[in-house]
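*Asks:* Handing over coords_21.txt, compact mmCIF, N, CA and C atoms.
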# COMPACT_ATOMS: atom_id res chain seq x y z
N MET B 75 69.31 80.06 95.47
CA MET B 75 69.69 81.33 94.89
C MET B 75 70.49 81.08 93.61
N GLY B 76 70.12 81.76 92.52
CA GLY B 76 70.79 81.59 91.25
C GLY B 76 72.12 82.32 91.21
N THR B 77 72.96 81.91 90.29
CA THR B 77 74.27 82.53 90.13
C THR B 77 74.10 83.83 89.35
N ILE B 78 74.65 84.90 89.85
CA ILE B 78 74.62 86.18 89.17
C ILE B 78 75.75 86.20 88.15
N ARG B 79 75.40 86.38 86.89
CA ARG B 79 76.42 86.42 85.83
C ARG B 79 76.66 87.83 85.31
N GLU B 80 75.73 88.75 85.60
CA GLU B 80 75.88 90.12 85.14
C GLU B 80 75.30 91.04 86.20
N ASN B 81 75.98 92.13 86.46
CA ASN B 81 75.51 93.08 87.46
C ASN B 81 76.16 94.42 87.18
N HIS B 82 75.47 95.51 87.56
CA HIS B 82 75.96 96.87 87.30
C HIS B 82 75.70 97.76 88.52
N LEU B 83 76.60 98.68 88.77
CA LEU B 83 76.47 99.65 89.86
C LEU B 83 77.06 100.96 89.39
N HIS B 84 76.38 102.06 89.68
CA HIS B 84 76.88 103.38 89.32
C HIS B 84 76.60 104.30 90.50
N ILE B 85 77.67 104.84 91.11
CA ILE B 85 77.50 105.75 92.23
C ILE B 85 78.29 107.04 91.99
N TYR B 86 77.83 108.09 92.65
CA TYR B 86 78.51 109.38 92.67
C TYR B 86 78.77 109.73 94.13
N PHE B 87 79.91 110.32 94.41
CA PHE B 87 80.19 110.76 95.76
C PHE B 87 81.06 112.02 95.71
N ASP B 88 81.00 112.79 96.80
CA ASP B 88 81.78 114.01 96.88
C ASP B 88 83.28 113.69 96.84
N ALA B 89 84.04 114.60 96.27
CA ALA B 89 85.49 114.44 96.14
C ALA B 89 86.18 114.76 97.46
N LYS B 90 85.80 114.02 98.49
CA LYS B 90 86.39 114.16 99.82
C LYS B 90 87.22 112.93 100.11
N SER B 91 88.38 113.12 100.71
CA SER B 91 89.27 111.99 100.97
C SER B 91 88.60 110.92 101.83
N SER B 92 87.67 111.29 102.69
CA SER B 92 86.98 110.30 103.52
C SER B 92 86.14 109.34 102.69
N ASN B 93 85.77 109.73 101.47
CA ASN B 93 84.96 108.86 100.62
C ASN B 93 85.76 107.78 99.90
N GLU B 94 87.08 107.85 100.00
CA GLU B 94 87.92 106.78 99.42
C GLU B 94 87.59 105.45 100.09
N ALA B 95 87.44 105.44 101.41
CA ALA B 95 87.10 104.20 102.13
C ALA B 95 85.72 103.70 101.74
N LEU B 96 84.79 104.61 101.53
CA LEU B 96 83.45 104.23 101.08
C LEU B 96 83.52 103.52 99.73
N ALA B 97 84.23 104.10 98.78
CA ALA B 97 84.35 103.51 97.45
C ALA B 97 85.00 102.13 97.52
N ARG B 98 86.02 102.00 98.34
CA ARG B 98 86.71 100.72 98.49
C ARG B 98 85.76 99.64 99.03
N MET B 99 84.95 100.01 100.02
CA MET B 99 84.02 99.05 100.61
C MET B 99 82.87 98.70 99.65
N VAL B 100 82.40 99.69 98.90
CA VAL B 100 81.35 99.44 97.91
C VAL B 100 81.86 98.46 96.85
N ALA B 101 83.07 98.68 96.37
CA ALA B 101 83.64 97.77 95.37
C ALA B 101 83.81 96.36 95.95
N ALA B 102 84.24 96.27 97.19
CA ALA B 102 84.40 94.96 97.83
C ALA B 102 83.06 94.25 97.95
N ALA B 103 82.02 94.97 98.35
CA ALA B 103 80.70 94.37 98.46
C ALA B 103 80.19 93.94 97.09
N PHE B 104 80.45 94.74 96.07
CA PHE B 104 80.00 94.41 94.72
C PHE B 104 80.65 93.13 94.20
N VAL B 105 81.94 92.96 94.43
CA VAL B 105 82.67 91.81 93.91
C VAL B 105 82.44 90.55 94.75
N ALA B 106 81.90 90.70 95.95
CA ALA B 106 81.75 89.57 96.86
C ALA B 106 80.95 88.41 96.28
N ASP B 107 79.91 88.70 95.50
CA ASP B 107 79.10 87.62 94.94
C ASP B 107 79.85 86.81 93.86
N MET B 108 81.01 87.30 93.45
CA MET B 108 81.83 86.57 92.47
C MET B 108 82.71 85.53 93.17
N ASN B 109 82.64 85.50 94.50
CA ASN B 109 83.39 84.55 95.31
C ASN B 109 84.90 84.65 95.07
N PRO B 110 85.46 85.87 95.22
CA PRO B 110 86.90 86.03 94.98
C PRO B 110 87.70 85.43 96.13
N THR B 111 88.96 85.16 95.87
CA THR B 111 89.87 84.80 96.95
C THR B 111 90.12 86.07 97.77
N LEU B 112 90.67 85.91 98.95
CA LEU B 112 91.01 87.09 99.76
C LEU B 112 92.02 87.96 99.04
N GLU B 113 92.95 87.34 98.34
CA GLU B 113 93.95 88.11 97.60
C GLU B 113 93.30 88.93 96.49
N GLN B 114 92.37 88.31 95.74
CA GLN B 114 91.67 89.04 94.68
C GLN B 114 90.86 90.20 95.26
N LEU B 115 90.21 89.95 96.37
CA LEU B 115 89.41 91.00 97.02
C LEU B 115 90.29 92.16 97.45
N GLU B 116 91.43 91.87 98.05
CA GLU B 116 92.35 92.92 98.47
C GLU B 116 92.94 93.66 97.27
N ASP B 117 93.20 92.94 96.17
CA ASP B 117 93.70 93.58 94.95
C ASP B 117 92.71 94.63 94.45
N VAL B 118 91.43 94.25 94.39
CA VAL B 118 90.40 95.17 93.90
C VAL B 118 90.29 96.37 94.83
N LYS B 119 90.26 96.13 96.12
CA LYS B 119 90.14 97.22 97.09
C LYS B 119 91.32 98.19 96.98
N THR B 120 92.52 97.66 96.83
CA THR B 120 93.70 98.51 96.73
C THR B 120 93.67 99.35 95.46
N ALA B 121 93.33 98.72 94.33
CA ALA B 121 93.28 99.44 93.06
C ALA B 121 92.21 100.53 93.09
N VAL B 122 91.04 100.22 93.63
CA VAL B 122 89.97 101.22 93.73
C VAL B 122 90.42 102.37 94.62
N SER B 123 91.06 102.05 95.72
CA SER B 123 91.57 103.08 96.63
C SER B 123 92.51 104.03 95.91
N GLU B 124 93.42 103.48 95.12
CA GLU B 124 94.39 104.31 94.39
C GLU B 124 93.69 105.17 93.34
N ALA B 125 92.76 104.59 92.60
CA ALA B 125 92.07 105.33 91.54
C ALA B 125 91.22 106.47 92.12
N VAL B 126 90.51 106.19 93.20
CA VAL B 126 89.67 107.21 93.82
C VAL B 126 90.53 108.30 94.44
N THR B 127 91.60 107.92 95.10
CA THR B 127 92.50 108.91 95.68
C THR B 127 93.07 109.82 94.60
N ASN B 128 93.47 109.24 93.47
CA ASN B 128 93.97 110.06 92.35
C ASN B 128 92.91 111.04 91.87
N ALA B 129 91.66 110.57 91.72
CA ALA B 129 90.58 111.44 91.25
C ALA B 129 90.37 112.60 92.21
N ILE B 130 90.38 112.31 93.49
CA ILE B 130 90.14 113.34 94.50
C ILE B 130 91.29 114.33 94.59
N ILE B 131 92.51 113.83 94.64
CA ILE B 131 93.68 114.69 94.87
C ILE B 131 94.14 115.40 93.60
N HIS B 132 94.16 114.67 92.48
CA HIS B 132 94.70 115.25 91.25
C HIS B 132 93.62 115.81 90.33
N GLY B 133 92.40 115.30 90.44
CA GLY B 133 91.33 115.74 89.55
C GLY B 133 90.71 117.06 89.97
N TYR B 134 90.62 117.26 91.28
CA TYR B 134 89.90 118.42 91.80
C TYR B 134 90.68 119.10 92.91
N ASP B 135 90.35 120.36 93.12
CA ASP B 135 90.76 121.09 94.31
C ASP B 135 89.51 121.57 95.04
N ASP B 136 88.40 120.89 94.82
CA ASP B 136 87.10 121.33 95.33
C ASP B 136 86.32 120.11 95.81
N GLU B 137 86.12 120.00 97.12
CA GLU B 137 85.42 118.84 97.69
C GLU B 137 83.96 118.76 97.30
N SER B 138 83.39 119.83 96.74
CA SER B 138 81.97 119.78 96.35
C SER B 138 81.78 119.10 95.00
N LYS B 139 82.86 118.85 94.28
CA LYS B 139 82.77 118.16 92.99
C LYS B 139 82.50 116.68 93.22
N LYS B 140 82.10 115.99 92.17
CA LYS B 140 81.71 114.57 92.28
C LYS B 140 82.70 113.65 91.57
N VAL B 141 82.88 112.49 92.17
CA VAL B 141 83.62 111.39 91.56
C VAL B 141 82.59 110.31 91.25
N GLU B 142 82.73 109.68 90.11
CA GLU B 142 81.84 108.58 89.74
C GLU B 142 82.60 107.26 89.84
N MET B 143 81.88 106.22 90.24
CA MET B 143 82.45 104.88 90.20
C MET B 143 81.39 103.97 89.57
N ILE B 144 81.81 103.26 88.55
CA ILE B 144 80.94 102.31 87.88
C ILE B 144 81.57 100.92 88.02
N CYS B 145 80.80 99.98 88.53
CA CYS B 145 81.25 98.60 88.63
C CYS B 145 80.36 97.76 87.73
N GLU B 146 80.99 96.91 86.94
CA GLU B 146 80.25 96.02 86.05
C GLU B 146 80.83 94.62 86.17
N ARG B 147 79.92 93.67 86.18
CA ARG B 147 80.33 92.28 86.20
C ARG B 147 79.68 91.57 85.01
N ARG B 148 80.52 90.92 84.22
CA ARG B 148 80.06 90.06 83.13
C ARG B 148 80.79 88.75 83.30
N GLU B 149 80.04 87.70 83.64
CA GLU B 149 80.63 86.39 83.93
C GLU B 149 81.69 86.54 85.01
N SER B 150 82.94 86.19 84.70
CA SER B 150 84.00 86.27 85.71
C SER B 150 84.87 87.52 85.55
N CYS B 151 84.38 88.48 84.78
CA CYS B 151 85.15 89.70 84.51
C CYS B 151 84.55 90.88 85.27
N LEU B 152 85.35 91.49 86.13
CA LEU B 152 84.97 92.68 86.86
C LEU B 152 85.61 93.89 86.20
N THR B 153 84.80 94.91 85.92
CA THR B 153 85.31 96.18 85.41
C THR B 153 84.92 97.27 86.39
N VAL B 154 85.89 98.07 86.79
CA VAL B 154 85.64 99.21 87.67
C VAL B 154 86.16 100.45 86.95
N LYS B 155 85.27 101.44 86.81
CA LYS B 155 85.67 102.72 86.24
C LYS B 155 85.56 103.77 87.32
N VAL B 156 86.59 104.60 87.42
CA VAL B 156 86.59 105.74 88.33
C VAL B 156 86.78 106.97 87.45
N ILE B 157 85.82 107.90 87.58
CA ILE B 157 85.76 109.04 86.67
C ILE B 157 85.69 110.34 87.45
N ASP B 158 86.51 111.30 87.05
CA ASP B 158 86.36 112.66 87.56
C ASP B 158 86.19 113.57 86.35
N HIS B 159 85.63 114.73 86.59
CA HIS B 159 85.42 115.72 85.53
C HIS B 159 86.24 116.96 85.85
N GLY B 160 87.47 116.71 86.30
CA GLY B 160 88.34 117.78 86.77
C GLY B 160 89.33 118.26 85.74
N VAL B 161 90.57 118.46 86.21
CA VAL B 161 91.59 119.13 85.40
C VAL B 161 92.14 118.27 84.26
N GLY B 162 92.00 116.96 84.35
CA GLY B 162 92.54 116.09 83.32
C GLY B 162 94.05 115.91 83.43
N ILE B 163 94.57 115.10 82.54
CA ILE B 163 96.01 114.79 82.52
C ILE B 163 96.56 115.20 81.15
N ARG B 164 97.59 116.03 81.15
CA ARG B 164 98.20 116.46 79.88
C ARG B 164 98.90 115.33 79.16
N ASP B 165 99.67 114.54 79.91
CA ASP B 165 100.46 113.47 79.30
C ASP B 165 100.22 112.19 80.11
N VAL B 166 99.29 111.36 79.64
CA VAL B 166 98.92 110.14 80.37
C VAL B 166 100.12 109.20 80.52
N ASN B 167 100.92 109.05 79.46
CA ASN B 167 102.08 108.16 79.55
C ASN B 167 103.04 108.61 80.64
N GLN B 168 103.29 109.89 80.74
CA GLN B 168 104.17 110.41 81.79
C GLN B 168 103.54 110.19 83.17
N ALA B 169 102.24 110.46 83.29
CA ALA B 169 101.55 110.32 84.58
C ALA B 169 101.56 108.88 85.07
N MET B 170 101.63 107.93 84.15
CA MET B 170 101.60 106.52 84.54
C MET B 170 102.98 105.98 84.91
N GLN B 171 104.02 106.79 84.76
CA GLN B 171 105.36 106.36 85.13
C GLN B 171 105.51 106.34 86.65
N PRO B 172 106.11 105.28 87.19
CA PRO B 172 106.32 105.24 88.64
C PRO B 172 107.07 106.47 89.13
N PHE B 173 106.65 106.97 90.27
CA PHE B 173 107.25 108.10 90.98
C PHE B 173 106.92 109.46 90.39
N PHE B 174 106.17 109.51 89.28
CA PHE B 174 105.75 110.81 88.74
C PHE B 174 104.56 111.31 89.55
N SER B 175 104.62 112.55 89.99
CA SER B 175 103.51 113.16 90.72
C SER B 175 103.47 114.64 90.44
N THR B 176 102.25 115.15 90.35
CA THR B 176 102.07 116.59 90.21
C THR B 176 101.93 117.25 91.57
N ARG B 177 101.95 116.46 92.63
CA ARG B 177 101.74 116.97 93.98
C ARG B 177 102.89 116.59 94.91
N GLU B 178 104.13 116.84 94.45
CA GLU B 178 105.29 116.48 95.26
C GLU B 178 105.30 117.20 96.61
N ALA B 179 104.74 118.39 96.66
CA ALA B 179 104.71 119.15 97.91
C ALA B 179 103.89 118.43 98.98
N GLN B 180 102.96 117.55 98.56
CA GLN B 180 102.14 116.81 99.50
C GLN B 180 102.74 115.44 99.80
N GLU B 181 103.99 115.25 99.41
CA GLU B 181 104.71 114.00 99.64
C GLU B 181 104.00 112.78 99.05
N ARG B 182 103.51 112.93 97.85
CA ARG B 182 102.89 111.81 97.14
C ARG B 182 103.99 110.96 96.53
N THR B 183 103.79 109.66 96.48
CA THR B 183 104.83 108.77 95.96
C THR B 183 104.80 108.63 94.46
N GLY B 184 103.69 108.95 93.81
CA GLY B 184 103.60 108.79 92.37
C GLY B 184 103.48 107.34 91.95
N MET B 185 102.97 106.49 92.83
CA MET B 185 102.87 105.06 92.53
C MET B 185 101.43 104.59 92.29
N GLY B 186 100.47 105.50 92.25
CA GLY B 186 99.06 105.12 92.11
C GLY B 186 98.78 104.25 90.90
N PHE B 187 99.20 104.69 89.72
CA PHE B 187 98.95 103.89 88.51
C PHE B 187 99.74 102.59 88.53
N ALA B 188 100.95 102.62 89.06
CA ALA B 188 101.75 101.39 89.14
C ALA B 188 101.06 100.37 90.04
N PHE B 189 100.49 100.81 91.15
CA PHE B 189 99.76 99.89 92.02
C PHE B 189 98.53 99.34 91.31
N MET B 190 97.79 100.22 90.62
CA MET B 190 96.60 99.75 89.89
C MET B 190 97.00 98.67 88.88
N GLU B 191 98.08 98.91 88.16
CA GLU B 191 98.52 97.94 87.16
C GLU B 191 99.00 96.65 87.80
N ALA B 192 99.59 96.74 88.98
CA ALA B 192 100.09 95.54 89.67
C ALA B 192 98.95 94.68 90.20
N PHE B 193 97.86 95.31 90.63
CA PHE B 193 96.78 94.57 91.29
C PHE B 193 95.62 94.19 90.37
N MET B 194 95.53 94.80 89.20
CA MET B 194 94.45 94.49 88.27
C MET B 194 95.04 93.86 87.01
N ASP B 195 94.21 93.18 86.23
CA ASP B 195 94.70 92.54 85.01
C ASP B 195 94.92 93.53 83.88
N GLU B 196 94.10 94.58 83.84
CA GLU B 196 94.24 95.62 82.82
C GLU B 196 93.90 96.96 83.44
N VAL B 197 94.60 98.01 83.01
CA VAL B 197 94.29 99.38 83.41
C VAL B 197 94.38 100.25 82.17
N HIS B 198 93.32 101.02 81.94
CA HIS B 198 93.28 101.94 80.80
C HIS B 198 92.93 103.32 81.33
N VAL B 199 93.63 104.34 80.84
CA VAL B 199 93.40 105.70 81.29
C VAL B 199 93.08 106.57 80.07
N ALA B 200 91.93 107.24 80.15
CA ALA B 200 91.55 108.21 79.12
C ALA B 200 91.40 109.55 79.81
N SER B 201 92.04 110.57 79.26
CA SER B 201 91.98 111.88 79.90
C SER B 201 92.11 112.98 78.87
N LYS B 202 91.49 114.11 79.20
CA LYS B 202 91.60 115.29 78.35
C LYS B 202 91.74 116.49 79.27
N PRO B 203 92.79 117.30 79.08
CA PRO B 203 92.96 118.47 79.94
C PRO B 203 91.70 119.33 79.96
N GLY B 204 91.29 119.67 81.16
CA GLY B 204 90.11 120.49 81.36
C GLY B 204 88.80 119.72 81.34
N ALA B 205 88.84 118.43 81.02
CA ALA B 205 87.60 117.66 80.91
C ALA B 205 87.56 116.44 81.83
N GLY B 206 88.67 116.12 82.49
CA GLY B 206 88.65 115.03 83.45
C GLY B 206 89.36 113.77 82.97
N THR B 207 89.24 112.74 83.82
CA THR B 207 89.96 111.49 83.61
C THR B 207 89.05 110.31 83.91
N GLU B 208 89.16 109.28 83.09
CA GLU B 208 88.45 108.02 83.33
C GLU B 208 89.47 106.90 83.40
N VAL B 209 89.50 106.22 84.55
CA VAL B 209 90.38 105.08 84.75
C VAL B 209 89.52 103.83 84.71
N THR B 210 89.83 102.92 83.79
CA THR B 210 89.11 101.66 83.67
C THR B 210 90.03 100.53 84.10
N MET B 211 89.58 99.76 85.09
CA MET B 211 90.39 98.65 85.62
C MET B 211 89.60 97.36 85.46
N ILE B 212 90.28 96.32 85.00
CA ILE B 212 89.64 95.03 84.77
C ILE B 212 90.35 93.96 85.58
N LYS B 213 89.55 93.11 86.21
CA LYS B 213 90.09 91.99 87.00
C LYS B 213 89.26 90.76 86.66
N HIS B 214 89.95 89.68 86.33
CA HIS B 214 89.28 88.40 86.09
C HIS B 214 89.26 87.64 87.40
N ILE B 215 88.07 87.35 87.88
CA ILE B 215 87.89 86.68 89.16
C ILE B 215 87.61 85.21 88.89
N GLU B 216 88.56 84.38 89.25
CA GLU B 216 88.37 82.94 89.11
C GLU B 216 87.47 82.47 90.23
N ARG B 217 86.40 81.83 89.88
CA ARG B 217 85.43 81.39 90.89
C ARG B 217 85.98 80.21 91.67
N CYS B 218 85.87 80.31 92.98
CA CYS B 218 86.42 79.29 93.86
C CYS B 218 85.48 78.11 94.05
N ASN B 219 84.18 78.30 93.82
CA ASN B 219 83.23 77.23 94.08
C ASN B 219 82.85 76.44 92.84
N GLY B 220 83.54 76.70 91.73
CA GLY B 220 83.38 75.89 90.53
C GLY B 220 82.12 76.14 89.73
N ASP B 221 81.31 77.17 90.04
CA ASP B 221 80.13 77.38 89.20
C ASP B 221 80.31 78.47 88.19
Would it be possible to restate this file's structure as structure tokens?

*Replies:*
Amino acid sequence: MGTIRENHLHIYFDAKSSNEALARMVAAAFVADMNPTLEQLEDVKTAVSEAVTNAIIHGYDDESKKVEMICERRESCLTVKVIDHGVGIRDVNQAMQPFFSTREAQERTGMGFAFMEAFMDEVHVASKPGAGTEVTMIKHIERCNGD
């Protein structure tokens, strides 16, 4: 079997909290051929979980809406994009501050972006009020088997 150096995945799923686990498992399966360490695999799963949860909880108030997840692999670089077409973020810098949440009544910790930044090598957020949010996360996966 040859080494996969490039791969792409694009899925859509309903904005239901139960689909967060689905997205996490899909991302884990996608990155598996990169031979990540267990720590790297858990980092990706945690970051995807946070991004998808944010899209579902903060992007929409309607479970019939769709969340997109795009996974791309180029060599040892994994890129995961989580996209909603919901309410958007007025102030991205403020939203990325630890403990900031627009849903305090739901006892949210406001740590989603902080966790994404802690577990991934890069996190970029693009958002426009009324048009949705795109979170791009990048992780460099060092290959364990030397190829």

*Asks:* Tell me which protein, DNA and RNA residues are within 7 Å of Met190 in chain B, counting all atoms listed in the file, leaving out same-chain ones fewer than 3 positions away, and put them as a compact mmCIF listing (two decimals) with N, CA and C atoms, keeping the file's coordinate frame.

*Replies:*
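For reference, result08.txt as written:
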# COMPACT_ATOMS: atom_id res chain seq x y z
N THR B 120 92.52 97.66 96.83
CA THR B 120 93.70 98.51 96.73
C THR B 120 93.67 99.35 95.46
N ALA B 121 93.33 98.72 94.33
CA ALA B 121 93.28 99.44 93.06
C ALA B 121 92.21 100.53 93.09
N VAL B 122 91.04 100.22 93.63
CA VAL B 122 89.97 101.22 93.73
C VAL B 122 90.42 102.37 94.62
N GLU B 124 93.42 103.48 95.12
CA GLU B 124 94.39 104.31 94.39
C GLU B 124 93.69 105.17 93.34
N ALA B 125 92.76 104.59 92.60
CA ALA B 125 92.07 105.33 91.54
C ALA B 125 91.22 106.47 92.12
N MET B 185 102.97 106.49 92.83
CA MET B 185 102.87 105.06 92.53
C MET B 185 101.43 104.59 92.29
N GLY B 186 100.47 105.50 92.25
CA GLY B 186 99.06 105.12 92.11
C GLY B 186 98.78 104.25 90.90
N PHE B 187 99.20 104.69 89.72
CA PHE B 187 98.95 103.89 88.51
C PHE B 187 99.74 102.59 88.53
N PHE B 193 97.86 95.31 90.63
CA PHE B 193 96.78 94.57 91.29
C PHE B 193 95.62 94.19 90.37
N MET B 194 95.53 94.80 89.20
CA MET B 194 94.45 94.49 88.27
C MET B 194 95.04 93.86 87.01
N ASP B 195 94.21 93.18 86.23
CA ASP B 195 94.70 92.54 85.01
C ASP B 195 94.92 93.53 83.88
N GLU B 196 94.10 94.58 83.84
CA GLU B 196 94.24 95.62 82.82
C GLU B 196 93.90 96.96 83.44
N VAL B 197 94.60 98.01 83.01
CA VAL B 197 94.29 99.38 83.41
C VAL B 197 94.38 100.25 82.17

*Asks:* Separation of CA of Gly160 in chain B and CA of His132 in chain B, in Å?

*Replies:*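 If I compute the distance from CA of Gly160 in chain B to CA of His132 in chain B, I get 8.2 Å.
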
*Asks:* Quick one: residues within 6.5 Å of Val199 in chain B, all atoms listed in the file, excluding same-chain residues fewer than 2 positions away - as a compact mmCIF listing (two decimals) with N, CA and C atoms, keeping the file's coordinate frame?

*Replies:*
# COMPACT_ATOMS: atom_id res chain seq x y z
N VAL B 197 94.60 98.01 83.01
CA VAL B 197 94.29 99.38 83.41
C VAL B 197 94.38 100.25 82.17
N SER B 201 92.04 110.57 79.26
CA SER B 201 91.98 111.88 79.90
C SER B 201 92.11 112.98 78.87
N GLU B 208 89.16 109.28 83.09
CA GLU B 208 88.45 108.02 83.33
C GLU B 208 89.47 106.90 83.40
N VAL B 209 89.50 106.22 84.55
CA VAL B 209 90.38 105.08 84.75
C VAL B 209 89.52 103.83 84.71
N THR B 210 89.83 102.92 83.79
CA THR B 210 89.11 101.66 83.67
C THR B 210 90.03 100.53 84.10

*Asks:* Of the candidates B:Ile157, B:Ala103, B:Leu96, B:Ala200, which shows the shortest atom-to-atom distance to Ile130 in chain B, using only C-alpha atoms?

*Replies:*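 Among the listed residues, B:Ile157 lies closest to Ile130 in chain B.
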
*Asks:* Between B:Ala102, B:Ile163, B:Ala205, B:Glu137, which residue has the minimum interatomic distance to Lys119 in chain B, considering only C-alpha atoms?

*Replies:*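 Result for the nearest residue to Lys119 in chain B: B:Ala102.
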
*Asks:* Could you write out, as JSON, numbers by chain, all the residues of chain B that DSSP marks as strand (DSSP E or B)?

*Replies:* {"B": [80, 81, 82, 83, 84, 85, 86, 87, 88, 140, 141, 142, 143, 144, 145, 146, 147, 148, 151, 152, 153, 154, 155, 156, 157, 158, 196, 197, 198, 199, 200, 201, 202, 206, 207, 208, 209, 210, 211, 212, 213, 214]}

*Asks:* For Lys140 in chain B, which residue among B:Met99, B:Leu115, B:Ala89, B:Val154 is the nearest when counting only C-alpha atoms?

*Replies:*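 Looking at the shortest contact to Lys140 in chain B, the residue is B:Ala89.
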
*Asks:* Distance CA of Arg79 in chain B-CA of His214 in chain B, one decimal place?

*Replies:*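 Rounded to one decimal, the two atoms are 13.0 Å apart.
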
*Asks:* Can you work out which one of B:Ala97, B:Ile215, B:Val156, B:Val118 has the shortest atom-to-atom distance to Ile144 in chain B, counting all atoms listed in the file?

*Replies:* B:Val156

*Asks:* Go through B:Glu149, B:Glu216, B:Glu113, B:Asp158 one by one, measure the shortest atom-to-atom distance of each to Tyr134 in chain B using only N, CA and C atoms, and give the residue with the smallest value.

*Replies:*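 Closest candidate: B:Asp158.
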
*Asks:* Skip Glu142 in chain B itself and residues of its chain fewer than 5 positions away, then list as a list in words all residues within 9 Å of it, counting only C-alpha atoms.

*Replies:*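 Once the adjacent positions are removed, what remains is His84, Ile85, Tyr86, Phe87, Asp88, Val126, Lys155, Val156, Ile157 and Asp158 of chain B.
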
*Asks:* Can you work out the spacing between CA of His198 in chain B and CA of Ser138 in chain B in Å, to one decimal?

*Replies:*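 Separating CA of His198 in chain B from CA of Ser138 in chain B is a distance of 26.2 Å.
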
*Asks:* Can you list every residue in range 86-202 of chain B that DSSP puts in alpha helix (DSSP H), as an MDAnalysis selection string?

*Replies:* chainID B and resid 93:106 112:128 166:169 186:193

*Asks:* Excluding same-chain residues fewer than 5 positions from Arg147 in chain B, what lies within 12 Å of it counting only C-alpha atoms, as a short mmCIF file (atom, residue, chain, number, x, y, z; two decimals) with N, CA and C atoms, keeping the file's coordinate frame?

*Replies:*
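Output (result38.cif):
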data_model
loop_
_atom_site.label_atom_id
_atom_site.label_comp_id
_atom_site.auth_asym_id
_atom_site.auth_seq_id
_atom_site.Cartn_x
_atom_site.Cartn_y
_atom_site.Cartn_z
N ILE B 78 74.65 84.90 89.85
CA ILE B 78 74.62 86.18 89.17
C ILE B 78 75.75 86.20 88.15
N ARG B 79 75.40 86.38 86.89
CA ARG B 79 76.42 86.42 85.83
C ARG B 79 76.66 87.83 85.31
N GLU B 80 75.73 88.75 85.60
CA GLU B 80 75.88 90.12 85.14
C GLU B 80 75.30 91.04 86.20
N ASN B 81 75.98 92.13 86.46
CA ASN B 81 75.51 93.08 87.46
C ASN B 81 76.16 94.42 87.18
N HIS B 82 75.47 95.51 87.56
CA HIS B 82 75.96 96.87 87.30
C HIS B 82 75.70 97.76 88.52
N LEU B 83 76.60 98.68 88.77
CA LEU B 83 76.47 99.65 89.86
C LEU B 83 77.06 100.96 89.39
N ALA B 101 83.07 98.68 96.37
CA ALA B 101 83.64 97.77 95.37
C ALA B 101 83.81 96.36 95.95
N PHE B 104 80.45 94.74 96.07
CA PHE B 104 80.00 94.41 94.72
C PHE B 104 80.65 93.13 94.20
N VAL B 105 81.94 92.96 94.43
CA VAL B 105 82.67 91.81 93.91
C VAL B 105 82.44 90.55 94.75
N ALA B 106 81.90 90.70 95.95
CA ALA B 106 81.75 89.57 96.86
C ALA B 106 80.95 88.41 96.28
N ASP B 107 79.91 88.70 95.50
CA ASP B 107 79.10 87.62 94.94
C ASP B 107 79.85 86.81 93.86
N MET B 108 81.01 87.30 93.45
CA MET B 108 81.83 86.57 92.47
C MET B 108 82.71 85.53 93.17
N LEU B 152 85.35 91.49 86.13
CA LEU B 152 84.97 92.68 86.86
C LEU B 152 85.61 93.89 86.20
N THR B 153 84.80 94.91 85.92
CA THR B 153 85.31 96.18 85.41
C THR B 153 84.92 97.27 86.39
N VAL B 154 85.89 98.07 86.79
CA VAL B 154 85.64 99.21 87.67
C VAL B 154 86.16 100.45 86.95
N LYS B 155 85.27 101.44 86.81
CA LYS B 155 85.67 102.72 86.24
C LYS B 155 85.56 103.77 87.32
N MET B 211 89.58 99.76 85.09
CA MET B 211 90.39 98.65 85.62
C MET B 211 89.60 97.36 85.46
N ILE B 212 90.28 96.32 85.00
CA ILE B 212 89.64 95.03 84.77
C ILE B 212 90.35 93.96 85.58
N LYS B 213 89.55 93.11 86.21
CA LYS B 213 90.09 91.99 87.00
C LYS B 213 89.26 90.76 86.66
N HIS B 214 89.95 89.68 86.33
CA HIS B 214 89.28 88.40 86.09
C HIS B 214 89.26 87.64 87.40
N ILE B 215 88.07 87.35 87.88
CA ILE B 215 87.89 86.68 89.16
C ILE B 215 87.61 85.21 88.89
#
